[in-house]
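So this one's work-v6.cif, mmCIF, N, CA and C atoms:
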data_protein
#
loop_
_atom_site.label_atom_id
_atom_site.label_comp_id
_atom_site.auth_asym_id
_atom_site.auth_seq_id
_atom_site.Cartn_x
_atom_site.Cartn_y
_atom_site.Cartn_z
N MET A 1 2.28 -12.36 -8.04
CA MET A 1 2.07 -11.50 -9.18
C MET A 1 3.16 -10.44 -9.16
N LYS A 2 3.66 -10.11 -10.32
CA LYS A 2 4.74 -9.14 -10.43
C LYS A 2 4.26 -7.92 -11.21
N PHE A 3 5.02 -6.84 -11.09
CA PHE A 3 4.71 -5.65 -11.89
C PHE A 3 4.74 -6.04 -13.36
N GLY A 4 3.84 -5.43 -14.15
CA GLY A 4 3.79 -5.71 -15.58
C GLY A 4 2.98 -6.96 -15.91
N GLN A 5 2.29 -7.53 -14.93
CA GLN A 5 1.47 -8.70 -15.17
C GLN A 5 -0.01 -8.37 -14.93
N SER A 6 -0.86 -9.19 -15.54
CA SER A 6 -2.30 -9.04 -15.32
C SER A 6 -2.91 -10.40 -15.01
N THR A 7 -4.07 -10.35 -14.39
CA THR A 7 -4.83 -11.55 -14.04
C THR A 7 -6.30 -11.23 -14.25
N THR A 8 -7.10 -12.27 -14.36
CA THR A 8 -8.55 -12.09 -14.51
C THR A 8 -9.25 -12.78 -13.35
N TYR A 9 -10.19 -12.07 -12.74
CA TYR A 9 -11.06 -12.66 -11.74
C TYR A 9 -12.31 -13.07 -12.50
N THR A 10 -12.45 -14.37 -12.78
CA THR A 10 -13.48 -14.87 -13.68
C THR A 10 -14.87 -14.77 -13.08
N SER A 11 -15.87 -14.94 -13.94
CA SER A 11 -17.26 -14.91 -13.48
C SER A 11 -17.56 -16.07 -12.52
N GLN A 12 -16.70 -17.10 -12.52
CA GLN A 12 -16.85 -18.22 -11.59
C GLN A 12 -16.14 -17.95 -10.26
N GLY A 13 -15.51 -16.78 -10.11
CA GLY A 13 -14.83 -16.44 -8.87
C GLY A 13 -13.44 -17.03 -8.75
N VAL A 14 -12.79 -17.29 -9.88
CA VAL A 14 -11.44 -17.86 -9.90
C VAL A 14 -10.46 -16.82 -10.41
N LEU A 15 -9.35 -16.67 -9.71
CA LEU A 15 -8.28 -15.76 -10.14
C LEU A 15 -7.33 -16.56 -11.04
N THR A 16 -7.17 -16.13 -12.30
CA THR A 16 -6.33 -16.85 -13.23
C THR A 16 -4.85 -16.60 -12.94
N PRO A 17 -3.95 -17.49 -13.37
CA PRO A 17 -2.52 -17.25 -13.18
C PRO A 17 -2.11 -15.95 -13.89
N PRO A 18 -1.23 -15.16 -13.28
CA PRO A 18 -0.81 -13.90 -13.91
C PRO A 18 0.00 -14.16 -15.17
N VAL A 19 -0.15 -13.22 -16.13
CA VAL A 19 0.61 -13.29 -17.38
C VAL A 19 1.20 -11.92 -17.66
N ALA A 20 2.31 -11.91 -18.40
CA ALA A 20 2.94 -10.64 -18.80
C ALA A 20 1.97 -9.85 -19.68
N ASP A 21 1.95 -8.53 -19.49
CA ASP A 21 1.05 -7.66 -20.24
C ASP A 21 1.84 -6.42 -20.66
N SER A 22 2.17 -6.35 -21.94
CA SER A 22 3.04 -5.26 -22.43
C SER A 22 2.34 -3.90 -22.40
N THR A 23 1.03 -3.86 -22.16
CA THR A 23 0.33 -2.57 -22.11
C THR A 23 0.44 -1.91 -20.73
N ILE A 24 0.96 -2.65 -19.75
CA ILE A 24 1.09 -2.11 -18.40
C ILE A 24 2.41 -1.37 -18.29
N VAL A 25 2.36 -0.14 -17.81
CA VAL A 25 3.54 0.71 -17.72
C VAL A 25 3.96 0.88 -16.26
N GLY A 26 5.26 0.80 -15.99
CA GLY A 26 5.79 1.09 -14.66
C GLY A 26 5.51 -0.01 -13.65
N ASN A 27 5.59 0.36 -12.38
CA ASN A 27 5.40 -0.58 -11.26
C ASN A 27 3.92 -0.78 -10.99
N THR A 28 3.26 -1.41 -11.93
CA THR A 28 1.81 -1.58 -11.87
C THR A 28 1.45 -3.02 -12.22
N PHE A 29 0.37 -3.53 -11.63
CA PHE A 29 -0.21 -4.78 -12.08
C PHE A 29 -1.71 -4.58 -12.23
N ARG A 30 -2.36 -5.50 -12.97
CA ARG A 30 -3.74 -5.27 -13.39
C ARG A 30 -4.63 -6.45 -13.04
N VAL A 31 -5.90 -6.15 -12.67
CA VAL A 31 -6.92 -7.16 -12.45
C VAL A 31 -8.11 -6.83 -13.34
N ASP A 32 -8.51 -7.81 -14.17
CA ASP A 32 -9.70 -7.69 -15.01
C ASP A 32 -10.82 -8.40 -14.25
N ASN A 33 -11.82 -7.65 -13.80
CA ASN A 33 -12.88 -8.20 -12.96
C ASN A 33 -14.08 -8.60 -13.81
N GLU A 34 -14.25 -9.91 -14.01
CA GLU A 34 -15.42 -10.43 -14.72
C GLU A 34 -16.47 -10.96 -13.75
N HIS A 35 -16.22 -10.80 -12.45
CA HIS A 35 -17.12 -11.27 -11.41
C HIS A 35 -18.00 -10.11 -10.98
N THR A 36 -18.78 -10.27 -9.93
CA THR A 36 -19.60 -9.18 -9.40
C THR A 36 -18.69 -8.08 -8.84
N ASN A 37 -19.27 -6.96 -8.45
CA ASN A 37 -18.49 -5.90 -7.80
C ASN A 37 -17.74 -6.52 -6.63
N THR A 38 -16.42 -6.35 -6.60
CA THR A 38 -15.58 -7.07 -5.64
C THR A 38 -14.48 -6.16 -5.12
N SER A 39 -14.22 -6.23 -3.82
CA SER A 39 -13.05 -5.56 -3.25
C SER A 39 -11.86 -6.50 -3.36
N PHE A 40 -10.72 -5.94 -3.70
CA PHE A 40 -9.50 -6.73 -3.83
C PHE A 40 -8.50 -6.31 -2.76
N GLY A 41 -7.71 -7.25 -2.31
CA GLY A 41 -6.65 -6.99 -1.36
C GLY A 41 -5.32 -7.45 -1.94
N VAL A 42 -4.26 -6.86 -1.46
CA VAL A 42 -2.91 -7.22 -1.90
C VAL A 42 -2.10 -7.60 -0.68
N ASN A 43 -1.46 -8.75 -0.73
CA ASN A 43 -0.52 -9.18 0.31
C ASN A 43 0.89 -9.05 -0.24
N ALA A 44 1.84 -8.80 0.64
CA ALA A 44 3.25 -8.74 0.26
C ALA A 44 4.06 -9.51 1.29
N LYS A 45 5.17 -10.07 0.83
CA LYS A 45 6.06 -10.78 1.74
C LYS A 45 7.02 -9.76 2.35
N ILE A 46 6.94 -9.61 3.66
CA ILE A 46 7.79 -8.68 4.39
C ILE A 46 8.65 -9.53 5.31
N GLY A 47 9.93 -9.66 4.97
CA GLY A 47 10.78 -10.61 5.68
C GLY A 47 10.33 -12.01 5.30
N ASN A 48 9.93 -12.81 6.29
CA ASN A 48 9.43 -14.16 6.03
C ASN A 48 7.92 -14.26 6.21
N THR A 49 7.25 -13.13 6.36
CA THR A 49 5.82 -13.14 6.67
C THR A 49 5.02 -12.46 5.57
N TRP A 50 3.90 -13.08 5.19
CA TRP A 50 2.97 -12.45 4.26
C TRP A 50 1.98 -11.60 5.05
N ALA A 51 1.75 -10.38 4.61
CA ALA A 51 0.84 -9.48 5.32
C ALA A 51 0.07 -8.62 4.32
N PRO A 52 -1.17 -8.24 4.66
CA PRO A 52 -1.92 -7.36 3.76
C PRO A 52 -1.29 -5.97 3.74
N ILE A 53 -1.15 -5.42 2.53
CA ILE A 53 -0.59 -4.07 2.40
C ILE A 53 -1.58 -3.11 1.75
N PHE A 54 -2.66 -3.66 1.18
CA PHE A 54 -3.63 -2.79 0.52
C PHE A 54 -4.95 -3.52 0.36
N VAL A 55 -6.05 -2.81 0.57
CA VAL A 55 -7.39 -3.30 0.29
C VAL A 55 -8.13 -2.17 -0.40
N THR A 56 -8.82 -2.48 -1.50
CA THR A 56 -9.54 -1.42 -2.21
C THR A 56 -10.61 -0.83 -1.29
N PRO A 57 -10.65 0.48 -1.16
CA PRO A 57 -11.65 1.09 -0.28
C PRO A 57 -13.07 0.97 -0.82
N GLU A 58 -13.20 0.84 -2.13
CA GLU A 58 -14.50 0.65 -2.79
C GLU A 58 -14.39 -0.57 -3.69
N PRO A 59 -15.48 -1.32 -3.87
CA PRO A 59 -15.43 -2.49 -4.76
C PRO A 59 -15.05 -2.09 -6.19
N ILE A 60 -14.32 -2.99 -6.85
CA ILE A 60 -14.01 -2.81 -8.26
C ILE A 60 -15.26 -3.24 -9.04
N MET A 61 -15.70 -2.40 -9.94
CA MET A 61 -16.96 -2.63 -10.64
C MET A 61 -16.90 -3.88 -11.51
N PHE A 62 -18.05 -4.53 -11.64
CA PHE A 62 -18.24 -5.69 -12.50
C PHE A 62 -17.83 -5.34 -13.93
N GLN A 63 -17.11 -6.23 -14.57
CA GLN A 63 -16.63 -6.08 -15.94
C GLN A 63 -15.82 -4.80 -16.12
N SER A 64 -14.87 -4.60 -15.24
CA SER A 64 -13.97 -3.46 -15.38
C SER A 64 -12.55 -3.91 -15.09
N ILE A 65 -11.61 -3.06 -15.45
CA ILE A 65 -10.19 -3.35 -15.24
C ILE A 65 -9.65 -2.38 -14.20
N ALA A 66 -8.88 -2.91 -13.26
CA ALA A 66 -8.28 -2.06 -12.22
C ALA A 66 -6.77 -2.23 -12.26
N ASP A 67 -6.06 -1.12 -12.34
CA ASP A 67 -4.59 -1.12 -12.25
C ASP A 67 -4.19 -0.75 -10.83
N PHE A 68 -3.20 -1.46 -10.30
CA PHE A 68 -2.70 -1.22 -8.96
C PHE A 68 -1.25 -0.78 -9.05
N THR A 69 -0.95 0.41 -8.53
CA THR A 69 0.41 0.93 -8.48
C THR A 69 0.71 1.28 -7.02
N PRO A 70 1.66 0.59 -6.41
CA PRO A 70 1.96 0.86 -5.00
C PRO A 70 2.41 2.30 -4.77
N ILE A 71 1.98 2.84 -3.67
CA ILE A 71 2.45 4.14 -3.19
C ILE A 71 3.25 3.83 -1.93
N ASN A 72 4.53 4.05 -2.01
CA ASN A 72 5.41 3.65 -0.91
C ASN A 72 5.61 4.79 0.08
N LYS A 73 4.54 5.07 0.81
CA LYS A 73 4.59 6.10 1.84
C LYS A 73 4.16 5.48 3.16
N VAL A 74 4.79 5.92 4.21
CA VAL A 74 4.41 5.48 5.56
C VAL A 74 4.23 6.71 6.43
N THR A 75 3.44 6.56 7.47
CA THR A 75 3.29 7.62 8.46
C THR A 75 3.97 7.15 9.73
N VAL A 76 4.85 7.99 10.25
CA VAL A 76 5.57 7.68 11.49
C VAL A 76 4.90 8.46 12.60
N PHE A 77 4.64 7.76 13.72
CA PHE A 77 3.95 8.38 14.84
C PHE A 77 4.28 7.58 16.09
N TRP A 78 3.95 8.13 17.25
CA TRP A 78 4.13 7.42 18.52
C TRP A 78 2.79 6.83 18.92
N SER A 79 2.80 5.58 19.39
CA SER A 79 1.58 4.97 19.88
C SER A 79 1.91 3.84 20.84
N GLN A 80 1.10 3.72 21.88
CA GLN A 80 1.25 2.60 22.80
C GLN A 80 0.16 1.56 22.59
N SER A 81 -0.78 1.82 21.66
CA SER A 81 -1.91 0.91 21.53
C SER A 81 -2.04 0.25 20.16
N LEU A 82 -1.53 0.84 19.07
CA LEU A 82 -1.65 0.23 17.75
C LEU A 82 -0.61 -0.86 17.59
N THR A 83 -0.94 -1.86 16.79
CA THR A 83 -0.02 -2.96 16.55
C THR A 83 0.48 -2.92 15.12
N THR A 84 1.55 -3.67 14.84
CA THR A 84 2.04 -3.73 13.47
C THR A 84 0.97 -4.35 12.59
N GLY A 85 0.97 -3.97 11.33
CA GLY A 85 -0.04 -4.46 10.41
C GLY A 85 -1.20 -3.51 10.25
N THR A 86 -1.25 -2.42 11.01
CA THR A 86 -2.32 -1.45 10.91
C THR A 86 -2.21 -0.74 9.57
N MET A 87 -3.30 -0.72 8.78
CA MET A 87 -3.27 -0.08 7.47
C MET A 87 -3.92 1.30 7.48
N ILE A 88 -5.01 1.44 8.22
CA ILE A 88 -5.77 2.69 8.18
C ILE A 88 -5.92 3.20 9.61
N PHE A 89 -5.54 4.44 9.82
CA PHE A 89 -5.67 5.04 11.14
C PHE A 89 -5.61 6.55 10.99
N LYS A 90 -5.93 7.24 12.05
CA LYS A 90 -5.79 8.70 12.08
C LYS A 90 -4.90 9.03 13.26
N ALA A 91 -3.74 9.57 12.96
CA ALA A 91 -2.82 9.94 14.03
C ALA A 91 -3.40 11.12 14.80
N THR A 92 -3.44 11.00 16.12
CA THR A 92 -4.00 12.07 16.94
C THR A 92 -2.91 12.93 17.56
N GLY A 93 -1.68 12.49 17.45
CA GLY A 93 -0.56 13.26 17.98
C GLY A 93 0.41 13.59 16.87
N PRO A 94 1.62 13.95 17.23
CA PRO A 94 2.62 14.29 16.22
C PRO A 94 2.85 13.12 15.26
N SER A 95 2.96 13.42 13.97
CA SER A 95 3.24 12.41 12.96
C SER A 95 3.90 13.07 11.76
N ILE A 96 4.47 12.23 10.89
CA ILE A 96 5.09 12.72 9.67
C ILE A 96 4.94 11.66 8.60
N GLU A 97 4.62 12.07 7.38
CA GLU A 97 4.56 11.14 6.25
C GLU A 97 5.94 11.06 5.61
N VAL A 98 6.39 9.84 5.37
CA VAL A 98 7.71 9.60 4.78
C VAL A 98 7.50 8.89 3.44
N ASP A 99 7.99 9.49 2.37
CA ASP A 99 7.86 8.94 1.02
C ASP A 99 9.08 8.10 0.69
N LEU A 100 8.85 6.80 0.49
CA LEU A 100 9.94 5.87 0.16
C LEU A 100 9.83 5.38 -1.28
N THR A 101 9.16 6.14 -2.13
CA THR A 101 8.94 5.73 -3.51
C THR A 101 10.25 5.53 -4.26
N ASN A 102 11.20 6.41 -4.10
CA ASN A 102 12.44 6.34 -4.86
C ASN A 102 13.66 6.02 -4.01
N GLN A 103 13.44 5.59 -2.78
CA GLN A 103 14.56 5.25 -1.90
C GLN A 103 14.09 4.27 -0.84
N THR A 104 15.02 3.58 -0.22
CA THR A 104 14.64 2.57 0.77
C THR A 104 14.87 3.03 2.20
N THR A 105 15.56 4.13 2.40
CA THR A 105 15.76 4.67 3.74
C THR A 105 15.59 6.18 3.72
N GLN A 106 15.26 6.72 4.87
CA GLN A 106 15.18 8.17 5.06
C GLN A 106 15.46 8.46 6.52
N THR A 107 16.02 9.62 6.77
CA THR A 107 16.28 10.05 8.13
C THR A 107 15.23 11.07 8.54
N ILE A 108 14.63 10.83 9.70
CA ILE A 108 13.71 11.80 10.29
C ILE A 108 14.14 12.00 11.73
N SER A 109 13.67 13.06 12.33
CA SER A 109 14.01 13.32 13.73
C SER A 109 12.77 13.82 14.46
N PHE A 110 12.84 13.77 15.78
CA PHE A 110 11.76 14.23 16.63
C PHE A 110 12.37 15.14 17.68
N PHE A 111 11.78 16.31 17.86
CA PHE A 111 12.28 17.22 18.90
C PHE A 111 11.10 17.78 19.68
N GLY A 112 11.34 18.03 20.94
CA GLY A 112 10.29 18.55 21.81
C GLY A 112 9.83 17.49 22.79
N ALA A 113 8.90 17.87 23.62
CA ALA A 113 8.37 16.97 24.66
C ALA A 113 7.55 15.85 24.04
N ALA A 114 7.56 14.69 24.68
CA ALA A 114 6.77 13.55 24.20
C ALA A 114 5.30 13.94 24.08
N GLY A 115 4.70 13.61 22.95
CA GLY A 115 3.30 13.93 22.71
C GLY A 115 3.04 15.36 22.30
N GLU A 116 4.04 16.22 22.42
CA GLU A 116 3.86 17.64 22.08
C GLU A 116 4.88 18.14 21.07
N GLY A 117 5.92 17.33 20.83
CA GLY A 117 6.98 17.75 19.92
C GLY A 117 6.57 17.63 18.47
N LYS A 118 7.58 17.66 17.61
CA LYS A 118 7.34 17.60 16.17
C LYS A 118 8.35 16.68 15.52
N PHE A 119 7.90 16.02 14.46
CA PHE A 119 8.79 15.27 13.60
C PHE A 119 9.29 16.20 12.51
N ALA A 120 10.48 15.91 11.98
CA ALA A 120 11.03 16.69 10.88
C ALA A 120 11.84 15.77 9.98
N HIS A 121 11.87 16.08 8.70
CA HIS A 121 12.71 15.32 7.77
C HIS A 121 14.17 15.69 8.04
N GLY A 122 15.06 14.71 8.02
CA GLY A 122 16.48 14.94 8.22
C GLY A 122 16.88 14.75 9.67
N PRO A 123 18.19 14.82 9.91
CA PRO A 123 18.69 14.62 11.27
C PRO A 123 18.44 15.85 12.13
N LEU A 124 18.58 15.68 13.44
CA LEU A 124 18.50 16.82 14.35
C LEU A 124 19.65 17.78 14.05
N PRO A 125 19.42 19.08 14.16
CA PRO A 125 20.53 20.01 13.96
C PRO A 125 21.56 19.85 15.09
N PRO A 126 22.81 20.20 14.82
CA PRO A 126 23.83 20.09 15.87
C PRO A 126 23.44 20.95 17.08
N ALA A 127 23.75 20.43 18.24
CA ALA A 127 23.41 21.16 19.48
C ALA A 127 24.38 22.28 19.73
#
Write out the structure in this file as structure tokens.
Amino acid sequence: MKFGQSTTYTSQGVLTPPVADSTIVGNTFRVDNEHTNTSFGVNAKIGNTWAPIFVTPEPIMFQSIADFTPINKVTVFWSQSLTTGTMIFKATGPSIEVDLTNQTTQTISFFGAAGEGKFAHGPLPPA
């Protein structure tokens, strides 16, 4: 499914092929839910692997329309126990949110002792 397309989740539980929808604005796609209250998930191809990138926290109501617009933000943190693919977590140590909505790269830095320092946007200042 691409931005600007919509699909219907039918009362029989079938997702119809996506079609262009001129009423959709921006980087958004739409699901028309004709089935029971249902949670939806979104997978994306990252490199050569498909992985979940979003799951609705609450079911989409029966006979309603849901628009999905990606929010391209990541949280950077140190961890020895979490694995890639983690979608929901609470950072207990230093972390920083990085907004990649309008760009594909950003520079951040970390200064201070491990576990006690701070992240900052931009490079480290000259020594």
Length of the atom N of Pro126 of chain A to atom C of Gly112 of chain A vector [Å]: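 So the two atoms, atom N of Pro126 of chain A and atom C of Gly112 of chain A, lie 15.5 Å apart.
Compared by their closest atoms to Arg30 of chain A, and using only C-alpha atoms, the residues A:Trp78, A:Trp50, A:Phe3, A:Phe111 rank with A:Phe3 nearest.
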Given all atoms listed in the file as the counted atoms, nearest of A:Gly4, A:Pro123, A:Pro70, A:Pro18 to Thr107 of chain A: A:Pro123
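Distance annotation: of A:Thr23, A:Gln80, A:Ser64, A:Thr16, the residue with the minimal separation from Thr38 of chain A is A:Ser64; atom set is only C-alpha atoms.
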What would the selection look like, as a compact mmCIF listing (two decimals) with N, CA and C atoms, in the coordinates of the input, if the PyMOL selection byres ((chain A and resi 100) around 7) were run on the coordinates I just shared?
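The resulting selection.txt:
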# COMPACT_ATOMS: atom_id res chain seq x y z
N ILE A 71 1.98 2.84 -3.67
CA ILE A 71 2.45 4.14 -3.19
C ILE A 71 3.25 3.83 -1.93
N ASN A 72 4.53 4.05 -2.01
CA ASN A 72 5.41 3.65 -0.91
C ASN A 72 5.61 4.79 0.08
N LYS A 73 4.54 5.07 0.81
CA LYS A 73 4.59 6.10 1.84
C LYS A 73 4.16 5.48 3.16
N VAL A 74 4.79 5.92 4.21
CA VAL A 74 4.41 5.48 5.56
C VAL A 74 4.23 6.71 6.43
N VAL A 98 6.39 9.84 5.37
CA VAL A 98 7.71 9.60 4.78
C VAL A 98 7.50 8.89 3.44
N ASP A 99 7.99 9.49 2.37
CA ASP A 99 7.86 8.94 1.02
C ASP A 99 9.08 8.10 0.69
N THR A 101 9.16 6.14 -2.13
CA THR A 101 8.94 5.73 -3.51
C THR A 101 10.25 5.53 -4.26
N ASN A 102 11.20 6.41 -4.10
CA ASN A 102 12.44 6.34 -4.86
C ASN A 102 13.66 6.02 -4.01
N GLN A 103 13.44 5.59 -2.78
CA GLN A 103 14.56 5.25 -1.90
C GLN A 103 14.09 4.27 -0.84
N THR A 104 15.02 3.58 -0.22
CA THR A 104 14.64 2.57 0.77
C THR A 104 14.87 3.03 2.20
N THR A 105 15.56 4.13 2.40
CA THR A 105 15.76 4.67 3.74
C THR A 105 15.59 6.18 3.72
Given only N, CA and C atoms as the counted atoms, nearest of A:Asn27, A:Thr36, A:Thr92, A:Ser79 to Ser11 of chain A: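 Answer, going by the shortest atom-to-atom distance: A:Thr36.
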Between atom CA of Val19 of chain A and atom CA of Thr7 of chain A, distance in Å (one decimal):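 A separation of 6.6 Å between them.
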Let me have the centre and edge lengths of the axis-aligned box enclosing all listed atoms of segment 52-56 of chain A with 5 Å padding on every side, in Å to one decimal, as AutoDock Vina command-line options.
--center_x -5.6 --center_y -4.5 --center_z 1.2 --size_x 20.0 --size_y 17.4 --size_z 16.9
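The neighbours of Pro57 of chain A here are the residues that come within 8 Å of it, using all atoms listed in the file and leaving out any residue fewer than 3 positions away in the same chain; they are Ser39, Phe40, Phe54 and Ile60 of chain A.
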Closest of A:Met1, A:Gly47, A:Ala66, A:Pro94 to Ala114 of chain A - atom-to-atom distances counting only N, CA and C atoms: A:Pro94
Residues matched by the PyMOL selection byres (((chain A and resi 52 and name CA) around 9) and name CA) as a CSV table (one decimal) with N, CA and C atoms, keeping the file's coordinate frame:
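Output file part.csv is given in full below:
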chain,number,residue,atom,x,y,z
A,41,GLY,N,-7.7,-7.2,-2.3
A,41,GLY,CA,-6.6,-7.0,-1.4
A,41,GLY,C,-5.3,-7.4,-1.9
A,42,VAL,N,-4.3,-6.9,-1.5
A,42,VAL,CA,-2.9,-7.2,-1.9
A,42,VAL,C,-2.1,-7.6,-0.7
A,43,ASN,N,-1.5,-8.8,-0.7
A,43,ASN,CA,-0.5,-9.2,0.3
A,43,ASN,C,0.9,-9.0,-0.2
A,44,ALA,N,1.8,-8.8,0.6
A,44,ALA,CA,3.2,-8.7,0.3
A,44,ALA,C,4.1,-9.5,1.3
A,45,LYS,N,5.2,-10.1,0.8
A,45,LYS,CA,6.1,-10.8,1.7
A,45,LYS,C,7.0,-9.8,2.4
A,50,TRP,N,3.9,-13.1,5.2
A,50,TRP,CA,3.0,-12.4,4.3
A,50,TRP,C,2.0,-11.6,5.0
A,51,ALA,N,1.8,-10.4,4.6
A,51,ALA,CA,0.8,-9.5,5.3
A,51,ALA,C,0.1,-8.6,4.3
A,53,ILE,N,-1.2,-5.4,2.5
A,53,ILE,CA,-0.6,-4.1,2.4
A,53,ILE,C,-1.6,-3.1,1.8
A,54,PHE,N,-2.7,-3.7,1.2
A,54,PHE,CA,-3.6,-2.8,0.5
A,54,PHE,C,-5.0,-3.5,0.4
A,55,VAL,N,-6.0,-2.8,0.6
A,55,VAL,CA,-7.4,-3.3,0.3
A,55,VAL,C,-8.1,-2.2,-0.4
A,85,GLY,N,1.0,-4.0,11.3
A,85,GLY,CA,0.0,-4.5,10.4
A,85,GLY,C,-1.2,-3.5,10.2
A,87,MET,N,-3.3,-0.7,8.8
A,87,MET,CA,-3.3,-0.1,7.5
A,87,MET,C,-3.9,1.3,7.5
Once the PyMOL selection byres ((chain A and resi 63) around 7) is applied to the coordinates I shared, what remains selected? I want it as a short mmCIF file (atom, residue, chain, number, x, y, z; two decimals) with N, CA and C atoms, keeping the file's coordinate frame.
data_model
loop_
_atom_site.label_atom_id
_atom_site.label_comp_id
_atom_site.auth_asym_id
_atom_site.auth_seq_id
_atom_site.Cartn_x
_atom_site.Cartn_y
_atom_site.Cartn_z
N ASP A 32 -8.51 -7.81 -14.17
CA ASP A 32 -9.70 -7.69 -15.01
C ASP A 32 -10.82 -8.40 -14.25
N ASN A 33 -11.82 -7.65 -13.80
CA ASN A 33 -12.88 -8.20 -12.96
C ASN A 33 -14.08 -8.60 -13.81
N GLU A 34 -14.25 -9.91 -14.01
CA GLU A 34 -15.42 -10.43 -14.72
C GLU A 34 -16.47 -10.96 -13.75
N HIS A 35 -16.22 -10.80 -12.45
CA HIS A 35 -17.12 -11.27 -11.41
C HIS A 35 -18.00 -10.11 -10.98
N THR A 36 -18.78 -10.27 -9.93
CA THR A 36 -19.60 -9.18 -9.40
C THR A 36 -18.69 -8.08 -8.84
N ASN A 37 -19.27 -6.96 -8.45
CA ASN A 37 -18.49 -5.90 -7.80
C ASN A 37 -17.74 -6.52 -6.63
N ILE A 60 -14.32 -2.99 -6.85
CA ILE A 60 -14.01 -2.81 -8.26
C ILE A 60 -15.26 -3.24 -9.04
N MET A 61 -15.70 -2.40 -9.94
CA MET A 61 -16.96 -2.63 -10.64
C MET A 61 -16.90 -3.88 -11.51
N PHE A 62 -18.05 -4.53 -11.64
CA PHE A 62 -18.24 -5.69 -12.50
C PHE A 62 -17.83 -5.34 -13.93
N SER A 64 -14.87 -4.60 -15.24
CA SER A 64 -13.97 -3.46 -15.38
C SER A 64 -12.55 -3.91 -15.09
N ILE A 65 -11.61 -3.06 -15.45
CA ILE A 65 -10.19 -3.35 -15.24
C ILE A 65 -9.65 -2.38 -14.20
#
Coordinates-based distance that separates atom CA of Ala120 of chain A from atom N of Ile108 of chain A (Å, one decimal): 7.0 Å
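Using only N, CA and C atoms for every distance, the candidate list A:Thr10, A:Gln106, A:Thr69, A:Asn48 yields A:Thr69 as the residue closest to Thr28 of chain A.
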Contacts of Thr75 of chain A at 10 Å (only C-alpha atoms; same-chain gap of 5+ positions) as a PyMOL selection string: chain A and resi 89-91+95-99
